[in-house]
Structures are given as structure tokens and as C-alpha cells.
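The file start-v4.pdb comes next; it holds PDB, C-alpha atoms, pLDDT in the B column.
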ATOM      1  CA  MET G   1      98.718 115.346  65.086  1.00 83.00           C
ATOM      2  CA  ALA G   2      99.348 116.805  68.524  1.00 91.00           C
ATOM      3  CA  ILE G   3      98.123 115.115  71.684  1.00 95.00           C
ATOM      4  CA  THR G   4      95.647 117.620  73.111  1.00 96.00           C
ATOM      5  CA  LEU G   5      95.594 118.045  76.889  1.00 97.00           C
ATOM      6  CA  VAL G   6      93.434 119.633  79.564  1.00 96.00           C
ATOM      7  CA  LEU G   7      95.302 120.180  82.848  1.00 96.00           C
ATOM      8  CA  SER G   8      93.398 120.283  86.123  1.00 94.00           C
ATOM      9  CA  ASP G   9      94.939 121.133  89.503  1.00 92.00           C
ATOM     10  CA  ASP G  10      94.018 123.634  92.205  1.00 90.00           C
ATOM     11  CA  HIS G  11      97.634 124.846  92.501  1.00 90.00           C
ATOM     12  CA  PRO G  12      98.674 127.345  89.788  1.00 92.00           C
ATOM     13  CA  LEU G  13     102.344 126.470  90.361  1.00 91.00           C
ATOM     14  CA  ILE G  14     101.648 122.837  89.440  1.00 90.00           C
ATOM     15  CA  LEU G  15      99.792 123.956  86.312  1.00 92.00           C
ATOM     16  CA  ASP G  16     102.685 126.251  85.357  1.00 93.00           C
ATOM     17  CA  GLY G  17     105.181 123.436  85.884  1.00 92.00           C
ATOM     18  CA  MET G  18     103.195 120.994  83.752  1.00 92.00           C
ATOM     19  CA  GLU G  19     102.656 123.508  80.969  1.00 93.00           C
ATOM     20  CA  ASN G  20     106.367 124.383  80.863  1.00 93.00           C
ATOM     21  CA  LEU G  21     107.223 120.675  80.797  1.00 93.00           C
ATOM     22  CA  PHE G  22     104.808 119.940  77.945  1.00 93.00           C
ATOM     23  CA  ARG G  23     106.088 122.871  75.856  1.00 91.00           C
ATOM     24  CA  LEU G  24     109.266 120.837  75.429  1.00 92.00           C
ATOM     25  CA  GLU G  25     107.255 118.057  73.769  1.00 92.00           C
ATOM     26  CA  LYS G  26     106.544 118.986  70.137  1.00 91.00           C
ATOM     27  CA  ASP G  27     103.549 116.655  69.915  1.00 92.00           C
ATOM     28  CA  PHE G  28     101.790 117.961  73.061  1.00 96.00           C
ATOM     29  CA  LYS G  29      99.260 120.808  72.995  1.00 95.00           C
ATOM     30  CA  VAL G  30      97.642 122.207  76.168  1.00 96.00           C
ATOM     31  CA  VAL G  31      94.152 123.456  75.248  1.00 96.00           C
ATOM     32  CA  ALA G  32      92.935 124.416  78.737  1.00 96.00           C
ATOM     33  CA  ARG G  33      94.067 124.818  82.366  1.00 95.00           C
ATOM     34  CA  CYS G  34      91.550 124.403  85.183  1.00 94.00           C
ATOM     35  CA  LEU G  35      91.666 125.116  88.917  1.00 92.00           C
ATOM     36  CA  ASP G  36      88.497 123.275  89.975  1.00 91.00           C
ATOM     37  CA  GLY G  37      86.260 120.383  89.014  1.00 90.00           C
ATOM     38  CA  GLU G  38      83.414 122.346  87.465  1.00 91.00           C
ATOM     39  CA  ASP G  39      85.697 124.228  85.064  1.00 93.00           C
ATOM     40  CA  THR G  40      87.398 120.930  84.238  1.00 94.00           C
ATOM     41  CA  VAL G  41      84.154 119.293  83.102  1.00 94.00           C
ATOM     42  CA  LYS G  42      83.296 122.381  81.027  1.00 94.00           C
ATOM     43  CA  ALA G  43      86.749 122.334  79.401  1.00 95.00           C
ATOM     44  CA  VAL G  44      86.511 118.626  78.553  1.00 96.00           C
ATOM     45  CA  ARG G  45      83.059 119.163  77.021  1.00 95.00           C
ATOM     46  CA  LYS G  46      84.289 122.148  74.986  1.00 95.00           C
ATOM     47  CA  HIS G  47      87.706 120.965  73.793  1.00 96.00           C
ATOM     48  CA  LYS G  48      87.247 117.164  73.793  1.00 95.00           C
ATOM     49  CA  PRO G  49      90.947 116.678  74.570  1.00 96.00           C
ATOM     50  CA  ASP G  50      92.765 113.403  74.021  1.00 96.00           C
ATOM     51  CA  VAL G  51      93.897 113.267  77.647  1.00 96.00           C
ATOM     52  CA  LEU G  52      92.819 114.960  80.869  1.00 96.00           C
ATOM     53  CA  VAL G  53      95.534 115.231  83.537  1.00 95.00           C
ATOM     54  CA  LEU G  54      93.523 115.416  86.755  1.00 93.00           C
ATOM     55  CA  ASP G  55      94.275 115.991  90.430  1.00 90.00           C
ATOM     56  CA  ILE G  56      91.948 113.895  92.584  1.00 85.00           C
ATOM     57  CA  ARG G  57      91.600 116.464  95.395  1.00 81.00           C
ATOM     58  CA  MET G  58      90.265 119.877  94.418  1.00 81.00           C
ATOM     59  CA  PRO G  59      87.800 122.404  95.847  1.00 75.00           C
ATOM     60  CA  GLY G  60      84.149 122.127  94.851  1.00 75.00           C
ATOM     61  CA  ALA G  61      83.707 119.159  92.535  1.00 78.00           C
ATOM     62  CA  ASP G  62      86.702 116.898  93.215  1.00 85.00           C
ATOM     63  CA  GLY G  63      88.455 114.565  90.797  1.00 87.00           C
ATOM     64  CA  LEU G  64      86.054 111.694  91.439  1.00 89.00           C
ATOM     65  CA  SER G  65      83.078 113.944  90.662  1.00 91.00           C
ATOM     66  CA  VAL G  66      84.764 114.922  87.398  1.00 93.00           C
ATOM     67  CA  LEU G  67      85.291 111.247  86.541  1.00 92.00           C
ATOM     68  CA  ARG G  68      81.639 110.434  87.274  1.00 92.00           C
ATOM     69  CA  GLU G  69      80.479 113.260  85.007  1.00 93.00           C
ATOM     70  CA  ILE G  70      82.804 112.202  82.174  1.00 93.00           C
ATOM     71  CA  LYS G  71      81.561 108.628  82.454  1.00 91.00           C
ATOM     72  CA  LYS G  72      77.908 109.690  82.641  1.00 92.00           C
ATOM     73  CA  GLU G  73      78.223 111.881  79.548  1.00 93.00           C
ATOM     74  CA  LYS G  74      80.254 109.178  77.748  1.00 92.00           C
ATOM     75  CA  LEU G  75      82.982 111.658  76.818  1.00 92.00           C
ATOM     76  CA  SER G  76      85.843 110.036  74.911  1.00 91.00           C
ATOM     77  CA  THR G  77      88.666 111.823  76.759  1.00 95.00           C
ATOM     78  CA  ARG G  78      91.064 109.454  78.524  1.00 95.00           C
ATOM     79  CA  VAL G  79      91.873 110.428  82.094  1.00 94.00           C
ATOM     80  CA  MET G  80      95.063 110.087  84.102  1.00 92.00           C
ATOM     81  CA  LEU G  81      95.521 111.134  87.705  1.00 89.00           C
ATOM     82  CA  LEU G  82      98.413 113.272  88.906  1.00 84.00           C
ATOM     83  CA  THR G  83      98.173 113.388  92.676  1.00 80.00           C
ATOM     84  CA  GLY G  84     100.321 114.069  95.727  1.00 75.00           C
ATOM     85  CA  ALA G  85      98.348 112.032  98.258  1.00 68.00           C
ATOM     86  CA  LEU G  86      96.650 108.768  97.523  1.00 65.00           C
ATOM     87  CA  ASP G  87      93.789 107.161  99.402  1.00 70.00           C
ATOM     88  CA  GLU G  88      93.141 103.515  98.514  1.00 68.00           C
ATOM     89  CA  GLU G  89      89.366 104.002  98.599  1.00 74.00           C
ATOM     90  CA  GLU G  90      89.592 106.960  96.203  1.00 79.00           C
ATOM     91  CA  LEU G  91      91.904 105.113  93.856  1.00 77.00           C
ATOM     92  CA  ALA G  92      89.681 102.035  93.849  1.00 77.00           C
ATOM     93  CA  GLU G  93      86.736 104.244  92.900  1.00 83.00           C
ATOM     94  CA  ALA G  94      88.806 106.035  90.241  1.00 84.00           C
ATOM     95  CA  ILE G  95      89.784 102.708  88.653  1.00 82.00           C
ATOM     96  CA  ARG G  96      86.136 101.650  88.678  1.00 84.00           C
ATOM     97  CA  LEU G  97      85.268 104.915  86.903  1.00 89.00           C
ATOM     98  CA  GLY G  98      87.767 104.246  84.137  1.00 88.00           C
ATOM     99  CA  VAL G  99      91.000 106.079  84.988  1.00 89.00           C
ATOM    100  CA  ARG G 100      93.717 104.987  82.565  1.00 89.00           C
ATOM    101  CA  GLY G 101      96.813 106.359  84.272  1.00 88.00           C
ATOM    102  CA  LEU G 102      98.260 107.348  87.627  1.00 85.00           C
ATOM    103  CA  VAL G 103     101.403 109.311  88.419  1.00 82.00           C
ATOM    104  CA  LEU G 104     102.370 110.570  91.869  1.00 79.00           C
ATOM    105  CA  LYS G 105     103.619 114.165  92.037  1.00 78.00           C
ATOM    106  CA  GLU G 106     106.788 112.960  93.765  1.00 76.00           C
ATOM    107  CA  MET G 107     107.788 110.959  90.678  1.00 75.00           C
ATOM    108  CA  ALA G 108     110.116 112.203  87.915  1.00 76.00           C
ATOM    109  CA  PRO G 109     108.550 114.565  85.293  1.00 84.00           C
ATOM    110  CA  LYS G 110     109.665 112.287  82.444  1.00 86.00           C
ATOM    111  CA  LEU G 111     107.356 109.581  83.872  1.00 84.00           C
ATOM    112  CA  LEU G 112     104.416 111.961  83.524  1.00 88.00           C
ATOM    113  CA  VAL G 113     105.242 112.538  79.849  1.00 92.00           C
ATOM    114  CA  GLN G 114     105.705 108.802  79.304  1.00 90.00           C
ATOM    115  CA  CYS G 115     102.417 108.013  81.033  1.00 90.00           C
ATOM    116  CA  ILE G 116     100.471 110.516  78.930  1.00 93.00           C
ATOM    117  CA  ARG G 117     101.826 108.914  75.771  1.00 94.00           C
ATOM    118  CA  GLN G 118     100.822 105.445  77.008  1.00 92.00           C
ATOM    119  CA  VAL G 119      97.314 106.578  77.996  1.00 93.00           C
ATOM    120  CA  HIS G 120      96.879 108.339  74.641  1.00 95.00           C
ATOM    121  CA  ALA G 121      97.883 105.108  72.906  1.00 93.00           C
ATOM    122  CA  GLY G 122      95.139 103.245  74.755  1.00 91.00           C
ATOM    123  CA  GLU G 123      97.421 101.588  77.276  1.00 90.00           C
ATOM    124  CA  LEU G 124      97.236 101.572  81.059  1.00 86.00           C
ATOM    125  CA  CYS G 125      99.897 103.439  83.035  1.00 84.00           C
ATOM    126  CA  LEU G 126      99.342 102.812  86.729  1.00 77.00           C
ATOM    127  CA  GLU G 127     101.807 103.046  89.618  1.00 65.00           C
ATOM    128  CA  LYS G 128     102.009  99.391  90.622  1.00 65.00           C
ATOM    129  CA  ARG G 129     102.276  99.553  94.413  1.00 61.00           C
ATOM    130  CA  SER G 130      99.388 101.984  94.849  1.00 57.00           C
ATOM    131  CA  VAL G 131      97.178 100.186  92.373  1.00 62.00           C
ATOM    132  CA  SER G 132      97.759  96.762  93.902  1.00 61.00           C
ATOM    133  CA  LEU G 133      96.588  98.119  97.264  1.00 58.00           C
ATOM    134  CA  ALA G 134      93.567  99.777  95.656  1.00 56.00           C
ATOM    135  CA  LEU G 135      92.607  96.681  93.694  1.00 61.00           C
ATOM    136  CA  GLU G 136      92.898  94.593  96.834  1.00 64.00           C
ATOM    137  CA  LYS G 137      90.522  97.029  98.538  1.00 64.00           C
ATOM    138  CA  LEU G 138      88.141  96.924  95.594  1.00 62.00           C
ATOM    139  CA  LEU G 139      88.079  93.117  95.564  1.00 66.00           C
ATOM    140  CA  GLN G 140      87.511  93.023  99.333  1.00 70.00           C
ATOM    141  CA  ARG G 141      84.569  95.392  98.956  1.00 72.00           C
ATOM    142  CA  GLU G 142      82.993  93.437  96.093  1.00 72.00           C
ATOM    143  CA  THR G 143      83.455  90.131  97.928  1.00 78.00           C
ATOM    144  CA  GLY G 144      82.039  91.618 101.129  1.00 77.00           C
ATOM    145  CA  GLN G 145      78.998  93.039  99.352  1.00 80.00           C
ATOM    146  CA  ARG G 146      78.262  89.674  97.736  1.00 84.00           C
ATOM    147  CA  GLU G 147      78.474  88.009 101.161  1.00 86.00           C
ATOM    148  CA  VAL G 148      76.091  90.574 102.665  1.00 89.00           C
ATOM    149  CA  ALA G 149      73.615  90.121  99.794  1.00 88.00           C
ATOM    150  CA  GLN G 150      73.412  86.404 100.610  1.00 91.00           C
ATOM    151  CA  VAL G 151      72.429  87.147 104.221  1.00 92.00           C
ATOM    152  CA  LEU G 152      70.394  90.371 104.175  1.00 93.00           C
ATOM    153  CA  THR G 153      67.525  91.594 102.032  1.00 93.00           C
ATOM    154  CA  PRO G 154      68.003  94.751  99.906  1.00 91.00           C
ATOM    155  CA  ARG G 155      65.897  96.718 102.433  1.00 94.00           C
ATOM    156  CA  GLU G 156      68.010  95.459 105.325  1.00 94.00           C
ATOM    157  CA  ILE G 157      71.215  96.404 103.472  1.00 92.00           C
ATOM    158  CA  GLU G 158      69.843  99.902 102.945  1.00 92.00           C
ATOM    159  CA  ILE G 159      69.101 100.214 106.670  1.00 94.00           C
ATOM    160  CA  VAL G 160      72.624  99.029 107.545  1.00 93.00           C
ATOM    161  CA  LYS G 161      74.033 101.754 105.253  1.00 90.00           C
ATOM    162  CA  GLN G 162      71.834 104.359 106.949  1.00 92.00           C
ATOM    163  CA  VAL G 163      72.999 103.243 110.397  1.00 93.00           C
ATOM    164  CA  ALA G 164      76.630 103.316 109.220  1.00 90.00           C
ATOM    165  CA  ALA G 165      76.062 106.909 108.074  1.00 88.00           C
ATOM    166  CA  GLY G 166      75.229 107.794 111.687  1.00 90.00           C
ATOM    167  CA  ARG G 167      71.487 108.239 111.290  1.00 92.00           C
ATOM    168  CA  ARG G 168      69.025 107.459 114.073  1.00 93.00           C
ATOM    169  CA  ASN G 169      65.893 105.335 113.639  1.00 95.00           C
ATOM    170  CA  THR G 170      63.525 108.285 113.219  1.00 94.00           C
ATOM    171  CA  GLU G 171      65.610 109.814 110.428  1.00 94.00           C
ATOM    172  CA  ILE G 172      66.073 106.434 108.729  1.00 94.00           C
ATOM    173  CA  GLY G 173      62.305 105.938 108.741  1.00 93.00           C
ATOM    174  CA  LYS G 174      61.723 109.350 107.128  1.00 93.00           C
ATOM    175  CA  ARG G 175      64.357 108.714 104.460  1.00 91.00           C
ATOM    176  CA  LEU G 176      63.001 105.266 103.591  1.00 92.00           C
ATOM    177  CA  PHE G 177      59.313 106.231 104.019  1.00 93.00           C
ATOM    178  CA  ILE G 178      58.693 103.639 106.717  1.00 94.00           C
ATOM    179  CA  SER G 179      57.725 103.954 110.382  1.00 94.00           C
ATOM    180  CA  GLU G 180      60.267 104.053 113.201  1.00 94.00           C
ATOM    181  CA  GLY G 181      58.739 100.810 114.474  1.00 94.00           C
ATOM    182  CA  THR G 182      59.418  99.120 111.129  1.00 95.00           C
ATOM    183  CA  VAL G 183      63.027 100.329 111.278  1.00 95.00           C
ATOM    184  CA  LYS G 184      63.390  98.780 114.751  1.00 95.00           C
ATOM    185  CA  MET G 185      61.891  95.517 113.509  1.00 96.00           C
ATOM    186  CA  HIS G 186      64.346  95.405 110.605  1.00 95.00           C
ATOM    187  CA  LEU G 187      67.255  96.163 112.939  1.00 95.00           C
ATOM    188  CA  HIS G 188      66.195  93.345 115.265  1.00 95.00           C
ATOM    189  CA  ASN G 189      66.244  90.930 112.306  1.00 95.00           C
ATOM    190  CA  ILE G 190      69.580  92.305 111.074  1.00 95.00           C
ATOM    191  CA  TYR G 191      71.192  91.882 114.520  1.00 95.00           C
ATOM    192  CA  GLN G 192      69.990  88.263 114.648  1.00 95.00           C
ATOM    193  CA  LYS G 193      71.160  87.413 111.133  1.00 94.00           C
ATOM    194  CA  LEU G 194      74.611  88.968 111.602  1.00 93.00           C
ATOM    195  CA  GLY G 195      75.134  87.995 115.229  1.00 92.00           C
ATOM    196  CA  VAL G 196      75.813  91.583 116.366  1.00 93.00           C
ATOM    197  CA  ASP G 197      74.402  93.196 119.484  1.00 91.00           C
ATOM    198  CA  SER G 198      74.885  96.964 119.029  1.00 91.00           C
ATOM    199  CA  ARG G 199      74.929  99.786 116.479  1.00 92.00           C
ATOM    200  CA  ILE G 200      78.695 100.133 116.943  1.00 92.00           C
ATOM    201  CA  ASN G 201      79.267  96.489 116.020  1.00 92.00           C
ATOM    202  CA  LEU G 202      76.873  96.860 113.094  1.00 93.00           C
ATOM    203  CA  ILE G 203      78.853  99.866 111.825  1.00 92.00           C
ATOM    204  CA  ARG G 204      82.085  97.887 112.148  1.00 89.00           C
ATOM    205  CA  TYR G 205      80.519  95.075 110.138  1.00 89.00           C
ATOM    206  CA  ALA G 206      79.412  97.540 107.446  1.00 89.00           C
ATOM    207  CA  GLN G 207      82.936  98.967 107.221  1.00 84.00           C
ATOM    208  CA  GLU G 208      84.526  95.526 106.979  1.00 83.00           C
ATOM    209  CA  LYS G 209      82.182  94.539 104.150  1.00 84.00           C
ATOM    210  CA  GLY G 210      82.650  97.783 102.203  1.00 78.00           C
ATOM    211  CA  LEU G 211      79.101  99.068 102.638  1.00 79.00           C
ATOM    212  CA  VAL G 212      80.380 102.534 103.617  1.00 71.00           C
TER     213      VAL G 212
END

Kindly present the structure from the file in C-alpha cells form.
Amino acid sequence: MAITLVLSDDHPLILDGMENLFRLEKDFKVVARCLDGEDTVKAVRKHKPDVLVLDIRMPGADGLSVLREIKKEKLSTRVMLLTGALDEEELAEAIRLGVRGLVLKEMAPKLLVQCIRQVHAGELCLEKRSVSLALEKLLQRETGQREVAQVLTPREIEIVKQVAAGRRNTEIGKRLFISEGTVKMHLHNIYQKLGVDSRINLIRYAQEKGLV
């Protein structure tokens, strides 16, 4: 049986190149081509392909949004990323969401074919250097969040995240349904517990611990 594929990239030239490449493989069958995230999710729902070849950066719903939707709907399609630029944070999130393969666009086409076969067979096919950096980032974040949870209460952690998002006390209060005075009281306690003396230092702390 053929390995069925959905291809997703916002550049038609990339889609053309992949489709031409896969025509040379007798056991590959492209069932859909998609230019954005929303069409990609629809195509995966409709065709239930064996493998989705997905670009992480696309207009509208990006690759990570597609991955979240596939995971939420428990679709059986295995996903591999084909991307030109790689951000460690994005890759760490993609791995958490269940990506099975990663190929950079700069790599040889035969590696893409090889990776699809591995992913279809249930194996992992991940570019080692990029993944090691992403996993390191992921471990740092998880370790940092555990450390924070030992020091701050869940409400205090939520307030730190709001501050790190650039929100002022009034807006934080409205979002969390508490008074501005209560926000200030929480911030005073947070500053004391963490040994910081300003919002800027608090934001730096949040970034170091992977809260943003």
C-alpha cells in the first residue's frame, strides 16, 4: 500500500518541488496540498493521511496550531516538519506536541524521502543538532517551572506571567477578577520571595524560568 501524504507549505514552489520528488517514489501518494494551517487541518481530517509534511511558519494558523489541533482531535496522522528556519522554542513545543520528524529545507531531498519512510514506520527522524538544542531548552523550562512552583503559589505564578506579558496592575486585576490592590499585595509578596526589586527584573526571572 502507498504511503499517503498531505503537504503543507505557504510557498507553491516548495509544494511543486516536493510533489515532483515524491512522484519518483512508487510507494508515495500525495492526497492533498495546502498553503495554510486551516486548510491543512481540514485535509488531515478528510484524508487521514499516513504522514503530514508540515512547515512550521505559515500565515493564519501556523504549524504549531496545526499540531495542537491534530493532538486535540487525536488524529492518527504522523507529522514531520520541513522548515527553513528553526527556533528552539518552537521546536521544543513541536516535540512536546508529538512531531515525529524534522528535516531542514537546506538538506538533501533524499533525506526528506528517507525521513518520511522512517516516520511512517513509527520511528523518529530528527535532525540531531537542532533537536539537542530544543530538548535542552525544554528541560531548562521544565526544571525552571518546578523551581518556581516550590517558591510561588499558583496565583502568584499567574500574576508573574501577566506581568511578563507586559500588562499593568489594573489590567491584571480585570483578567484575574481581583482588585488592583490585591494585585499589588501579591506583587509585594512575589518580590520578597524572589528577591527582585522591579518589574524588569521580574520579567527577566520569568524568562529565565521558562514562564513566557

Exercise. Written as JSON, numbers by chain, which residues does the PyMOL selection byres ((chain G and resi 125) around 9) give for the file shown?
Worked result: {"G": [80, 100, 101, 102, 103, 114, 115, 116, 118, 119, 123, 124, 126, 127, 128]}

Residues from the last selection, C-alpha atoms, saved as a tab-separated table (two decimals), in the frame of the given file:
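The result, stored in again_39.tsv:
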chain	number	residue	atom	x	y	z
G	80	MET	CA	95.06	110.09	84.10
G	100	ARG	CA	93.72	104.99	82.56
G	101	GLY	CA	96.81	106.36	84.27
G	102	LEU	CA	98.26	107.35	87.63
G	103	VAL	CA	101.40	109.31	88.42
G	114	GLN	CA	105.70	108.80	79.30
G	115	CYS	CA	102.42	108.01	81.03
G	116	ILE	CA	100.47	110.52	78.93
G	118	GLN	CA	100.82	105.44	77.01
G	119	VAL	CA	97.31	106.58	78.00
G	123	GLU	CA	97.42	101.59	77.28
G	124	LEU	CA	97.24	101.57	81.06
G	126	LEU	CA	99.34	102.81	86.73
G	127	GLU	CA	101.81	103.05	89.62
G	128	LYS	CA	102.01	99.39	90.62

Carefully work through the PyMOL selection byres ((chain G and resi 35-52) around 8) for this structure and note down the residues it includes, as a tab-separated table (two decimals) with C-alpha atoms, keeping the file's coordinate frame.
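Saved as result-v9.tsv:
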chain	number	residue	atom	x	y	z
G	3	ILE	CA	98.12	115.12	71.68
G	4	THR	CA	95.65	117.62	73.11
G	5	LEU	CA	95.59	118.04	76.89
G	6	VAL	CA	93.43	119.63	79.56
G	7	LEU	CA	95.30	120.18	82.85
G	8	SER	CA	93.40	120.28	86.12
G	9	ASP	CA	94.94	121.13	89.50
G	10	ASP	CA	94.02	123.63	92.20
G	11	HIS	CA	97.63	124.85	92.50
G	12	PRO	CA	98.67	127.34	89.79
G	31	VAL	CA	94.15	123.46	75.25
G	32	ALA	CA	92.94	124.42	78.74
G	33	ARG	CA	94.07	124.82	82.37
G	34	CYS	CA	91.55	124.40	85.18
G	53	VAL	CA	95.53	115.23	83.54
G	54	LEU	CA	93.52	115.42	86.76
G	58	MET	CA	90.26	119.88	94.42
G	59	PRO	CA	87.80	122.40	95.85
G	60	GLY	CA	84.15	122.13	94.85
G	61	ALA	CA	83.71	119.16	92.54
G	62	ASP	CA	86.70	116.90	93.22
G	63	GLY	CA	88.46	114.56	90.80
G	65	SER	CA	83.08	113.94	90.66
G	66	VAL	CA	84.76	114.92	87.40
G	69	GLU	CA	80.48	113.26	85.01
G	70	ILE	CA	82.80	112.20	82.17
G	75	LEU	CA	82.98	111.66	76.82
G	76	SER	CA	85.84	110.04	74.91
G	77	THR	CA	88.67	111.82	76.76
G	78	ARG	CA	91.06	109.45	78.52
G	79	VAL	CA	91.87	110.43	82.09
G	80	MET	CA	95.06	110.09	84.10
G	116	ILE	CA	100.47	110.52	78.93
G	119	VAL	CA	97.31	106.58	78.00
G	120	HIS	CA	96.88	108.34	74.64

For this session: Fewer than 4 positions away in the same chain doesn't count, so skip those; otherwise give me all residues within 10 Å of Glu208 (chain G), counting all atoms listed in the file, as a PyMOL selection string.
Result: chain G and resi 140-141+144-145+202-204+212

Exercise. In Å to one decimal, how far is CA of Lys29 (chain G) from CA of Glu106 (chain G)?
Worked result: 23.4 Å

Residues near Asp197 (chain G), cut-off 10 Å, all atoms listed in the file, skip fewer than 6 positions along chain, as a compact mmCIF listing (two decimals) with C-alpha atoms, in the coordinates of the input:
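Result file follows (result-v9.txt):
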# COMPACT_ATOMS: atom_id res chain seq x y z
CA HIS G 188 66.19 93.34 115.26
CA ILE G 190 69.58 92.30 111.07
CA TYR G 191 71.19 91.88 114.52

Answer key for the PyMOL selection byres ((chain G and resi 173) around 12), residues as an mmCIF file with C-alpha atoms, in the frame of the given file:
data_model
loop_
_atom_site.group_PDB
_atom_site.id
_atom_site.type_symbol
_atom_site.label_atom_id
_atom_site.label_comp_id
_atom_site.auth_asym_id
_atom_site.auth_seq_id
_atom_site.Cartn_x
_atom_site.Cartn_y
_atom_site.Cartn_z
ATOM 1 C CA ARG G 155 65.897 96.718 102.433
ATOM 2 C CA GLU G 158 69.843 99.902 102.945
ATOM 3 C CA ILE G 159 69.101 100.214 106.670
ATOM 4 C CA GLN G 162 71.834 104.359 106.949
ATOM 5 C CA VAL G 163 72.999 103.243 110.397
ATOM 6 C CA ARG G 167 71.487 108.239 111.290
ATOM 7 C CA ARG G 168 69.025 107.459 114.073
ATOM 8 C CA ASN G 169 65.893 105.335 113.639
ATOM 9 C CA THR G 170 63.525 108.285 113.219
ATOM 10 C CA GLU G 171 65.610 109.814 110.428
ATOM 11 C CA ILE G 172 66.073 106.434 108.729
ATOM 12 C CA LYS G 174 61.723 109.350 107.128
ATOM 13 C CA ARG G 175 64.357 108.714 104.460
ATOM 14 C CA LEU G 176 63.001 105.266 103.591
ATOM 15 C CA PHE G 177 59.313 106.231 104.019
ATOM 16 C CA ILE G 178 58.693 103.639 106.717
ATOM 17 C CA SER G 179 57.725 103.954 110.382
ATOM 18 C CA GLU G 180 60.267 104.053 113.201
ATOM 19 C CA GLY G 181 58.739 100.810 114.474
ATOM 20 C CA THR G 182 59.418 99.120 111.129
ATOM 21 C CA VAL G 183 63.027 100.329 111.278
ATOM 22 C CA LYS G 184 63.390 98.780 114.751
ATOM 23 C CA MET G 185 61.891 95.517 113.509
ATOM 24 C CA HIS G 186 64.346 95.405 110.605
ATOM 25 C CA LEU G 187 67.255 96.163 112.939
#

Name all residues at most 9 Å from Ile56 (chain G) (count only C-alpha atoms; drop same-chain ones fewer than 3 positions away) and give them as an mmCIF file with C-alpha atoms, in the frame of the given file.
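And here's result_39.cif as it stands now:
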data_model
loop_
_atom_site.group_PDB
_atom_site.id
_atom_site.type_symbol
_atom_site.label_atom_id
_atom_site.label_comp_id
_atom_site.auth_asym_id
_atom_site.auth_seq_id
_atom_site.Cartn_x
_atom_site.Cartn_y
_atom_site.Cartn_z
ATOM 1 C CA ASP G 9 94.939 121.133 89.503
ATOM 2 C CA ASP G 62 86.702 116.898 93.215
ATOM 3 C CA GLY G 63 88.455 114.565 90.797
ATOM 4 C CA LEU G 64 86.054 111.694 91.439
ATOM 5 C CA VAL G 66 84.764 114.922 87.398
ATOM 6 C CA LEU G 81 95.521 111.134 87.705
ATOM 7 C CA LEU G 82 98.413 113.272 88.906
ATOM 8 C CA THR G 83 98.173 113.388 92.676
ATOM 9 C CA GLY G 84 100.321 114.069 95.727
ATOM 10 C CA ALA G 85 98.348 112.032 98.258
ATOM 11 C CA LEU G 86 96.650 108.768 97.523
ATOM 12 C CA GLU G 90 89.592 106.960 96.203
ATOM 13 C CA LEU G 91 91.904 105.113 93.856
ATOM 14 C CA ALA G 94 88.806 106.035 90.241
#

Problem set entry | Option closest in space to Leu152 (chain G), from G:Ala206, G:Ala164, G:Val99, G:Met1 [counting all atoms listed in the file] |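 The answer is G:Ala206, which sits nearest to Leu152 (chain G).
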
For this session: Calculate how many Å separate CA of Phe22 (chain G) from CA of Gly122 (chain G), rounding to one decimal.
Result: 19.6 Å

For this session: Work out how far apart CA of Pro154 (chain G) and CA of Ala92 (chain G) are and give it in Å to one decimal.
Result: 23.7 Å

Which region 101-207 of chain G residues have any atom within 10 Å of an atom of region 17-20 of chain G, and for each, what is the nearest pair of atoms with distance in Å to one decimal, counting all atoms listed in the file, rows sorted by chain and number, as a Markdown table?
| residue | atom | partner | partner_atom | distance |
| --- | --- | --- | --- | --- |
| G:Pro109 | CA | G:Met18 | CA | 8.5 |
| G:Leu112 | CA | G:Met18 | CA | 9.1 |
| G:Val113 | CA | G:Met18 | CA | 9.5 |
